[in-house]
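Inspection log for the structure reproduced underneath, given as structure tokens.
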Amino acid sequence: MQYEGSCHCGNIAFRVETDAPIDDVVDCNCSLCRRRGGLLWFGPRAALSLNTDPAALATYQFNKHHLDHHYCRDCGIAPFSEGDDPRSGQRMVAVNVRCLPGVDLGGVKITAFDGAAL
């Protein structure tokens, strides 16, 4: 399946390709996720293709600096983060599914994750 996504103003546009529909997401309560309100789908970094200039991405890191939390310099929306999966060491992406209009948010299973405890 393919999903097109973007920040609010469109300066960051991307495509996510998955083997199955995105129907299971994570609601993290860490200090950042709690404030920005994203619902996250995790997958391999190769599943995301950036369709715009990478220079449009601003990046924020906090805590242990393991993840690059990307956001738009103009509209402030944070469409995805990337880093290394701590279990496998492979590159991974956490996509804010609120930035994917093709995902029916009413039909996704939301799993709480206690990121505040990390």
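If you're wondering about the labels, chains in the structure tokens are A, B, ... by order shown, residues count from 1 in each chain, ligands from 1 in order shown.
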
(request) Within 9 Å of Cys99 of chain A, counting only C-alpha atoms, which residues show up once you throw out same-chain ones fewer than 4 positions away? Write them as a list in words, please. (result)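 Near Cys99 of chain A, the qualifying residues are Glu4, Gly5, Ser6, Cys7, His8, Gly38, Ile77, Ala78, Pro79, Phe80, Val95 and Val103 of chain A.
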
(request) Show which residues sit within 8 Å of segment 107-114 of chain A, as a PyMOL selection string. Count only C-alpha atoms, and ignore same-chain residues fewer than 3 positions away. (result) chain A and resi 22-30+39+104+117-118

(request) May I have the residues within 12 Å of Ala47 of chain A as an MDAnalysis selection string, using only C-alpha atoms and disregarding those fewer than 4 positions away in the same chain? (result) chainID A and resid 1:4 14:20 41:43 80 82 91:95

Next, the residues of the selection above should be written as a PDB file, in the first residue's frame with N, CA and C atoms.
```pdb
ATOM      1  N   MET A   1       0.841  -1.170   0.000  1.00  0.00           N
ATOM      2  CA  MET A   1       0.000   0.000   0.000  1.00  0.00           C
ATOM      3  C   MET A   1       0.887   1.235   0.000  1.00  0.00           C
ATOM      4  N   GLN A   2       0.391   2.273  -0.627  1.00  0.00           N
ATOM      5  CA  GLN A   2       1.112   3.541  -0.649  1.00  0.00           C
ATOM      6  C   GLN A   2       0.263   4.621   0.001  1.00  0.00           C
ATOM      7  N   TYR A   3       0.924   5.453   0.784  1.00  0.00           N
ATOM      8  CA  TYR A   3       0.289   6.596   1.422  1.00  0.00           C
ATOM      9  C   TYR A   3       1.106   7.837   1.092  1.00  0.00           C
ATOM     10  N   GLU A   4       0.437   8.893   0.703  1.00  0.00           N
ATOM     11  CA  GLU A   4       1.084  10.184   0.482  1.00  0.00           C
ATOM     12  C   GLU A   4       0.886  11.007   1.735  1.00  0.00           C
ATOM     13  N   PHE A  14       6.048  13.410   1.338  1.00  0.00           N
ATOM     14  CA  PHE A  14       6.692  12.103   1.351  1.00  0.00           C
ATOM     15  C   PHE A  14       5.688  11.021   0.996  1.00  0.00           C
ATOM     16  N   ARG A  15       6.214   9.828   0.745  1.00  0.00           N
ATOM     17  CA  ARG A  15       5.401   8.648   0.453  1.00  0.00           C
ATOM     18  C   ARG A  15       5.842   7.534   1.389  1.00  0.00           C
ATOM     19  N   VAL A  16       4.865   6.785   1.876  1.00  0.00           N
ATOM     20  CA  VAL A  16       5.134   5.610   2.710  1.00  0.00           C
ATOM     21  C   VAL A  16       4.581   4.398   1.977  1.00  0.00           C
ATOM     22  N   GLU A  17       5.408   3.370   1.817  1.00  0.00           N
ATOM     23  CA  GLU A  17       4.976   2.121   1.192  1.00  0.00           C
ATOM     24  C   GLU A  17       5.023   1.015   2.233  1.00  0.00           C
ATOM     25  N   THR A  18       3.894   0.314   2.367  1.00  0.00           N
ATOM     26  CA  THR A  18       3.780  -0.752   3.363  1.00  0.00           C
ATOM     27  C   THR A  18       3.241  -2.017   2.718  1.00  0.00           C
ATOM     28  N   ASP A  19       3.463  -3.142   3.372  1.00  0.00           N
ATOM     29  CA  ASP A  19       2.920  -4.413   2.896  1.00  0.00           C
ATOM     30  C   ASP A  19       1.448  -4.562   3.242  1.00  0.00           C
ATOM     31  N   ALA A  20       1.003  -3.858   4.258  1.00  0.00           N
ATOM     32  CA  ALA A  20      -0.375  -3.972   4.747  1.00  0.00           C
ATOM     33  C   ALA A  20      -0.892  -2.582   5.083  1.00  0.00           C
ATOM     34  N   TRP A  41       3.195   5.411  13.382  1.00  0.00           N
ATOM     35  CA  TRP A  41       3.364   4.110  12.742  1.00  0.00           C
ATOM     36  C   TRP A  41       4.864   3.906  12.590  1.00  0.00           C
ATOM     37  N   PHE A  42       5.357   2.754  13.047  1.00  0.00           N
ATOM     38  CA  PHE A  42       6.779   2.443  12.964  1.00  0.00           C
ATOM     39  C   PHE A  42       7.032   1.452  11.838  1.00  0.00           C
ATOM     40  N   GLY A  43       8.097   1.696  11.082  1.00  0.00           N
ATOM     41  CA  GLY A  43       8.464   0.799   9.999  1.00  0.00           C
ATOM     42  C   GLY A  43       9.914   1.004   9.608  1.00  0.00           C
ATOM     43  N   PHE A  80       7.472  13.116  10.660  1.00  0.00           N
ATOM     44  CA  PHE A  80       8.135  11.837  10.935  1.00  0.00           C
ATOM     45  C   PHE A  80       9.427  12.044  11.698  1.00  0.00           C
ATOM     46  N   GLU A  82      13.195   9.646  12.614  1.00  0.00           N
ATOM     47  CA  GLU A  82      13.965   8.484  12.168  1.00  0.00           C
ATOM     48  C   GLU A  82      15.140   8.245  13.100  1.00  0.00           C
ATOM     49  N   ARG A  91      17.819   0.865  10.485  1.00  0.00           N
ATOM     50  CA  ARG A  91      17.213   2.193  10.375  1.00  0.00           C
ATOM     51  C   ARG A  91      15.699   2.042  10.395  1.00  0.00           C
ATOM     52  N   MET A  92      15.021   2.921  11.140  1.00  0.00           N
ATOM     53  CA  MET A  92      13.565   2.874  11.244  1.00  0.00           C
ATOM     54  C   MET A  92      13.005   4.282  11.130  1.00  0.00           C
ATOM     55  N   VAL A  93      11.709   4.320  10.895  1.00  0.00           N
ATOM     56  CA  VAL A  93      11.008   5.591  10.796  1.00  0.00           C
ATOM     57  C   VAL A  93       9.747   5.506  11.650  1.00  0.00           C
ATOM     58  N   ALA A  94       9.391   6.621  12.253  1.00  0.00           N
ATOM     59  CA  ALA A  94       8.142   6.749  13.002  1.00  0.00           C
ATOM     60  C   ALA A  94       7.350   7.849  12.304  1.00  0.00           C
ATOM     61  N   VAL A  95       6.303   7.462  11.594  1.00  0.00           N
ATOM     62  CA  VAL A  95       5.515   8.406  10.805  1.00  0.00           C
ATOM     63  C   VAL A  95       4.299   8.832  11.609  1.00  0.00           C
TER      64      VAL A  95
END
```

(request) Provide the atom CA of Arg35 of chain A to atom CA of Gly106 of chain A distance in Å, to one decimal place. (result) 21.0 Å

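Distance check against Gly10 of chain A using only C-alpha atoms: of A:Gly89, A:Phe62, A:Asp53, A:Gly115, the minimum falls on A:Asp53.
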
(message) Ranking A:Ala13, A:Ala116, A:Leu105, A:Leu67 by minimum distance to Leu48 of chain A and counting only C-alpha atoms, which one comes first?
(response) A:Ala13

(request) Grab the atom CA of Asp84 of chain A to atom CA of Pro21 of chain A distance for me, in Å with one decimal place. (result) 23.1 Å

If we count only C-alpha atoms and set the cut-off at 10 Å, which residues sit around Gln90 of chain A, ignoring sequence neighbours fewer than 5 positions away in its own chain? Please answer as a short mmCIF file (atom, residue, chain, number, x, y, z; two decimals) with N, CA, C and O atoms, in the first residue's frame.
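Saved the output as around_23.cif:
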```cif
data_model
loop_
_atom_site.label_atom_id
_atom_site.label_comp_id
_atom_site.auth_asym_id
_atom_site.auth_seq_id
_atom_site.Cartn_x
_atom_site.Cartn_y
_atom_site.Cartn_z
N PRO A 44 10.37 0.25 8.63
CA PRO A 44 11.75 0.41 8.16
C PRO A 44 11.92 1.77 7.47
O PRO A 44 11.00 2.26 6.82
N ARG A 45 13.08 2.36 7.62
CA ARG A 45 13.34 3.68 7.01
C ARG A 45 13.15 3.63 5.51
O ARG A 45 12.72 4.60 4.88
N GLY A 83 15.58 6.99 13.11
CA GLY A 83 16.71 6.60 13.94
C GLY A 83 16.98 5.13 13.78
O GLY A 83 16.50 4.49 12.84
N ASP A 84 17.74 4.58 14.71
CA ASP A 84 18.06 3.15 14.69
C ASP A 84 17.15 2.41 15.65
O ASP A 84 16.95 2.84 16.79
N ASP A 85 16.60 1.29 15.19
CA ASP A 85 15.77 0.43 16.04
C ASP A 85 16.68 -0.15 17.13
O ASP A 85 17.68 -0.80 16.81
#
```

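Nearest to Thr52 of chain A of all the residues A:Val97, A:Gly102, A:Asn11, A:Asp74 is A:Asn11, based on only C-alpha atoms.
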
(request) Enter the distance from atom CA of Ile12 of chain A to atom CA of Asn63 of chain A, in Å, rounded to one decimal. (result) 24.9 Å

(message) Could you pull out the strand (DSSP E) residues of segment 1-116 of chain A, going by DSSP on the backbone, and write them as a ChimeraX atom specification?
(response) /A:2-6,13-17,24-28,40-44,48-50,57-60,67-72,80-84,91-96,109-113

Writer output for current selection, C-alpha atoms, as a tab-separated table (two decimals), in the first residue's frame:
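Result written to selection-v2.tsv:
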```tsv
chain	number	residue	atom	x	y	z
A	2	GLN	CA	1.11	3.54	-0.65
A	3	TYR	CA	0.29	6.60	1.42
A	4	GLU	CA	1.08	10.18	0.48
A	5	GLY	CA	1.84	12.53	3.35
A	6	SER	CA	2.99	16.03	4.11
A	13	ALA	CA	6.05	15.82	1.24
A	14	PHE	CA	6.69	12.10	1.35
A	15	ARG	CA	5.40	8.65	0.45
A	16	VAL	CA	5.13	5.61	2.71
A	17	GLU	CA	4.98	2.12	1.19
A	24	ASP	CA	-2.18	-0.07	14.24
A	25	VAL	CA	-0.47	3.01	15.69
A	26	VAL	CA	1.28	4.09	18.87
A	27	ASP	CA	0.30	6.96	21.16
A	28	CYS	CA	3.46	7.80	23.12
A	40	LEU	CA	2.93	6.94	15.21
A	41	TRP	CA	3.36	4.11	12.74
A	42	PHE	CA	6.78	2.44	12.96
A	43	GLY	CA	8.46	0.80	10.00
A	44	PRO	CA	11.75	0.41	8.16
A	48	LEU	CA	9.60	6.33	3.46
A	49	SER	CA	10.56	8.31	0.36
A	50	LEU	CA	11.01	12.05	0.69
A	57	LEU	CA	13.52	19.46	7.19
A	58	ALA	CA	14.42	20.96	10.53
A	59	THR	CA	15.52	18.44	13.14
A	60	TYR	CA	15.15	18.29	16.89
A	67	LEU	CA	16.04	9.95	17.18
A	68	ASP	CA	15.93	12.74	14.62
A	69	HIS	CA	12.51	14.35	15.04
A	70	HIS	CA	11.87	16.21	11.78
A	71	TYR	CA	9.53	19.16	11.45
A	72	CYS	CA	8.78	21.89	8.91
A	80	PHE	CA	8.14	11.84	10.93
A	81	SER	CA	11.16	10.88	12.97
A	82	GLU	CA	13.97	8.48	12.17
A	83	GLY	CA	16.71	6.60	13.94
A	84	ASP	CA	18.06	3.15	14.69
A	91	ARG	CA	17.21	2.19	10.37
A	92	MET	CA	13.57	2.87	11.24
A	93	VAL	CA	11.01	5.59	10.80
A	94	ALA	CA	8.14	6.75	13.00
A	95	VAL	CA	5.51	8.41	10.80
A	96	ASN	CA	2.88	10.67	12.31
A	109	LYS	CA	-6.05	0.55	16.77
A	110	ILE	CA	-4.22	2.87	19.15
A	111	THR	CA	-1.69	1.32	21.53
A	112	ALA	CA	-0.44	3.42	24.43
A	113	PHE	CA	3.33	3.48	24.96
```

(request) Mind the document's chain letters and residue numbers, and return as a list in words the residues of chain A that DSSP labels helix (DSSP H, G or I). (result)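 Written out, the helix (DSSP H, G or I) residues of chain A are Ser31, Leu32, Cys33, Arg34, Arg35, Arg36, Arg45, Ala46, Ala47, Pro54, Ala55, Ala56, Val97, Arg98, Cys99, Leu105, Gly106, Gly107, Gly115, Ala116 and Ala117 of chain A.
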